[in-house]
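Down below is the structure, laid out as C-alpha cells.
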Amino acid sequence: MSKARDLHLMWSAKSDYQELPLFILNKKAVVNVKNNDQRSFGYSILSAKYYQVGERNKRIKRRVLYDKLFNVENLTNLPYPVSIPDMEKYGESLNLNMNILTFSDEAGRVLTPLYISNKKPNQPTIDLLYWRGHFAWIRNRNRLLSHLSKGKRGLHYCVRCFSHFISESKLNSHEVVCLKSKDSASIIPSSSNC
Ligand SMILES: [Zn+2]
C-alpha cells in the first residue's frame, strides 16, 4: 500500500466528515463544512453563526474560515465527537436552541427528528443535520423538507412533526403546542443506524 494511501486512511480515521447524499446536496439547503477532524458539530455551529461572512467570501464550506473562531464561540473545549444525549447541556452552555434531524435511507429522503431543544425565547435557533457521526448546518429547513409537500414552495415546516403551514405566524402558533408537548428537550428514538 502506498504512503499516500496510508496517509489518506489515517486522515479518514481521524475525521468524521461525510459527503451529503446527492438528493440533499441538490436542494442547496445544507452547509457541509469539510472538516478534517471530529469537530463537525463545532464547524456546523460556526457556519450558522458566521453565515454572512462565509457567503460574502464564497468560502462558506471551507473549514479555514472558522478555525480561529472556535475559541471566540466557546467551542474549543467541548468533548469531540460530541454526544447527542448531551445536546441539552451544550445548548445551555452555547446559549442556543438546537434541533437535530437525521435520515434513515441512503438517499436522504426519509428525514426524522433526532433531538429537539426547548425553544427558549431570546436566543437563536440552529437546525443541524446528523448522519453517520457527522454534523452539518441546515441553512434552509423549509427547502430541505419541501419534498414532503411535493415541492410546493413557500411552506413553513414544524421541526418536530413536519406539519407544514402557509405562513411563519401559523407555524409559530403550532409550535407553541407542538414543541412544548413534552416538558423537557427530547431525544427522539430513530430507527436509523446513523
Ligand atoms: Zn409540530
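By convention in this document, the chains of the C-alpha cells carry letters A, B, ... by their order, each chain's residues are numbered from 1, and ligands are numbered from 1 in the order they are shown.
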Got a sec to tell me which of segment 67-144 of chain A DSSP assigns to strand (DSSP E or B), as an mmCIF file with C-alpha atoms, in the first residue's frame?
```cif
data_model
loop_
_atom_site.group_PDB
_atom_site.id
_atom_site.type_symbol
_atom_site.label_atom_id
_atom_site.label_comp_id
_atom_site.auth_asym_id
_atom_site.auth_seq_id
_atom_site.Cartn_x
_atom_site.Cartn_y
_atom_site.Cartn_z
ATOM 1 C CA ASN A 97 -31.731 26.401 20.685
ATOM 2 C CA MET A 98 -30.615 23.423 18.620
ATOM 3 C CA ASN A 99 -32.665 20.945 16.631
ATOM 4 C CA ILE A 100 -31.145 17.879 15.004
ATOM 5 C CA LEU A 101 -32.625 15.974 12.074
ATOM 6 C CA THR A 102 -31.288 12.764 10.610
ATOM 7 C CA PHE A 103 -32.198 10.478 7.734
ATOM 8 C CA LEU A 111 -35.880 12.531 7.463
ATOM 9 C CA THR A 112 -36.717 12.272 11.146
ATOM 10 C CA PRO A 113 -36.130 14.498 14.164
ATOM 11 C CA LEU A 114 -33.393 13.158 16.417
ATOM 12 C CA TYR A 115 -33.236 15.906 19.024
ATOM 13 C CA ILE A 116 -35.493 18.933 19.573
ATOM 14 C CA THR A 125 -32.257 28.536 16.908
ATOM 15 C CA ILE A 126 -29.942 26.426 14.752
ATOM 16 C CA ASP A 127 -31.068 23.319 12.868
ATOM 17 C CA LEU A 128 -28.455 20.618 12.300
ATOM 18 C CA LEU A 129 -28.351 17.527 10.139
ATOM 19 C CA TYR A 130 -26.631 14.471 11.632
ATOM 20 C CA TRP A 131 -25.688 11.285 9.832
ATOM 21 C CA HIS A 134 -21.213 13.873 11.217
ATOM 22 C CA PHE A 135 -22.994 17.223 11.645
ATOM 23 C CA ALA A 136 -23.853 19.903 9.087
ATOM 24 C CA TRP A 137 -25.905 23.092 9.346
ATOM 25 C CA ILE A 138 -29.416 23.114 7.859
#
```
Proximity check chain A to ligand 1, 10 Å, nearest pairs one decimal Å, only C-alpha atoms and all ligand atoms, as a tab-separated table:
```
residue	atom	partner	partner_atom_place_in_ligand_line	distance
A:Tyr157	CA	ligand 1	1 (Zn)	7.9
A:Cys158	CA	ligand 1	1 (Zn)	4.6
A:Val159	CA	ligand 1	1 (Zn)	6.5
A:Arg160	CA	ligand 1	1 (Zn)	4.9
A:Cys161	CA	ligand 1	1 (Zn)	4.0
A:Phe162	CA	ligand 1	1 (Zn)	6.0
A:Ser163	CA	ligand 1	1 (Zn)	5.6
A:His164	CA	ligand 1	1 (Zn)	8.3
A:Leu171	CA	ligand 1	1 (Zn)	8.2
A:Asn172	CA	ligand 1	1 (Zn)	9.7
A:Ser173	CA	ligand 1	1 (Zn)	9.9
A:His174	CA	ligand 1	1 (Zn)	6.3
A:Glu175	CA	ligand 1	1 (Zn)	5.9
A:Val176	CA	ligand 1	1 (Zn)	8.9
A:Val177	CA	ligand 1	1 (Zn)	7.8
A:Cys178	CA	ligand 1	1 (Zn)	4.6
A:Leu179	CA	ligand 1	1 (Zn)	6.6
A:Lys180	CA	ligand 1	1 (Zn)	9.7
A:Ser181	CA	ligand 1	1 (Zn)	9.3
```
Dump N, CA and C atoms for the selected residues as an mmCIF file, in the first residue's frame?
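New file result.cif:
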```
data_model
loop_
_atom_site.group_PDB
_atom_site.id
_atom_site.type_symbol
_atom_site.label_atom_id
_atom_site.label_comp_id
_atom_site.auth_asym_id
_atom_site.auth_seq_id
_atom_site.Cartn_x
_atom_site.Cartn_y
_atom_site.Cartn_z
ATOM 1 N N TYR A 157 -42.234 24.524 7.816
ATOM 2 C CA TYR A 157 -42.355 23.192 8.402
ATOM 3 C C TYR A 157 -42.014 23.187 9.888
ATOM 4 N N CYS A 158 -42.799 22.445 10.642
ATOM 5 C CA CYS A 158 -42.502 22.220 12.059
ATOM 6 C C CYS A 158 -41.354 21.213 12.154
ATOM 7 N N VAL A 159 -40.365 21.511 12.968
ATOM 8 C CA VAL A 159 -39.191 20.663 13.057
ATOM 9 C C VAL A 159 -39.475 19.363 13.827
ATOM 10 N N ARG A 160 -40.549 19.366 14.614
ATOM 11 C CA ARG A 160 -40.848 18.159 15.383
ATOM 12 C C ARG A 160 -41.734 17.174 14.626
ATOM 13 N N CYS A 161 -42.819 17.686 14.027
ATOM 14 C CA CYS A 161 -43.793 16.769 13.413
ATOM 15 C C CYS A 161 -43.850 16.890 11.888
ATOM 16 N N PHE A 162 -43.103 17.865 11.331
ATOM 17 C CA PHE A 162 -43.022 18.096 9.882
ATOM 18 C C PHE A 162 -44.352 18.536 9.267
ATOM 19 N N SER A 163 -45.323 18.920 10.088
ATOM 20 C CA SER A 163 -46.529 19.563 9.536
ATOM 21 C C SER A 163 -46.099 20.855 8.861
ATOM 22 N N HIS A 164 -46.816 21.246 7.788
ATOM 23 C CA HIS A 164 -46.416 22.487 7.139
ATOM 24 C C HIS A 164 -47.550 23.508 7.137
ATOM 25 N N LEU A 171 -47.084 28.737 11.726
ATOM 26 C CA LEU A 171 -46.135 27.760 12.267
ATOM 27 C C LEU A 171 -45.817 28.087 13.730
ATOM 28 N N ASN A 172 -45.590 29.369 14.002
ATOM 29 C CA ASN A 172 -45.257 29.762 15.376
ATOM 30 C C ASN A 172 -46.374 29.383 16.348
ATOM 31 N N SER A 173 -47.614 29.584 15.925
ATOM 32 C CA SER A 173 -48.751 29.214 16.789
ATOM 33 C C SER A 173 -48.761 27.705 17.027
ATOM 34 N N HIS A 174 -48.506 26.953 15.963
ATOM 35 C CA HIS A 174 -48.472 25.495 16.085
ATOM 36 C C HIS A 174 -47.346 25.059 17.024
ATOM 37 N N GLU A 175 -46.174 25.703 16.890
ATOM 38 C CA GLU A 175 -45.011 25.296 17.692
ATOM 39 C C GLU A 175 -45.253 25.461 19.186
ATOM 40 N N VAL A 176 -46.032 26.467 19.540
ATOM 41 C CA VAL A 176 -46.312 26.682 20.960
ATOM 42 C C VAL A 176 -46.866 25.404 21.579
ATOM 43 N N VAL A 177 -47.717 24.728 20.830
ATOM 44 C CA VAL A 177 -48.317 23.488 21.324
ATOM 45 C C VAL A 177 -47.378 22.307 21.071
ATOM 46 N N CYS A 178 -46.882 22.209 19.850
ATOM 47 C CA CYS A 178 -46.134 21.020 19.435
ATOM 48 C C CYS A 178 -44.801 20.880 20.166
ATOM 49 N N LEU A 179 -44.025 21.971 20.227
ATOM 50 C CA LEU A 179 -42.692 21.872 20.830
ATOM 51 C C LEU A 179 -42.750 21.753 22.346
ATOM 52 N N LYS A 180 -43.885 22.156 22.912
ATOM 53 C CA LYS A 180 -43.988 22.047 24.368
ATOM 54 C C LYS A 180 -44.802 20.825 24.772
ATOM 55 N N SER A 181 -44.977 19.914 23.847
ATOM 56 C CA SER A 181 -45.773 18.736 24.157
ATOM 57 C C SER A 181 -45.054 17.801 25.127
#
```
| said: Using only C-alpha atoms, which protein or nucleic acid residues come within 7 Å of Gln38 of chain A? Drop anything in the same chain fewer than 3 positions from it, and give the result as a list of chain:residue names. | reply: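 Contacts, with the query itself left out: A:Lys14, A:Ser15, A:Asp16, A:Tyr80, A:Pro81.
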| Neighbours of His147 of chain A within 10 Å (only C-alpha atoms; same-chain residues fewer than 6 positions away dropped), as a PyMOL selection string? | chain A and resi 27+109+153
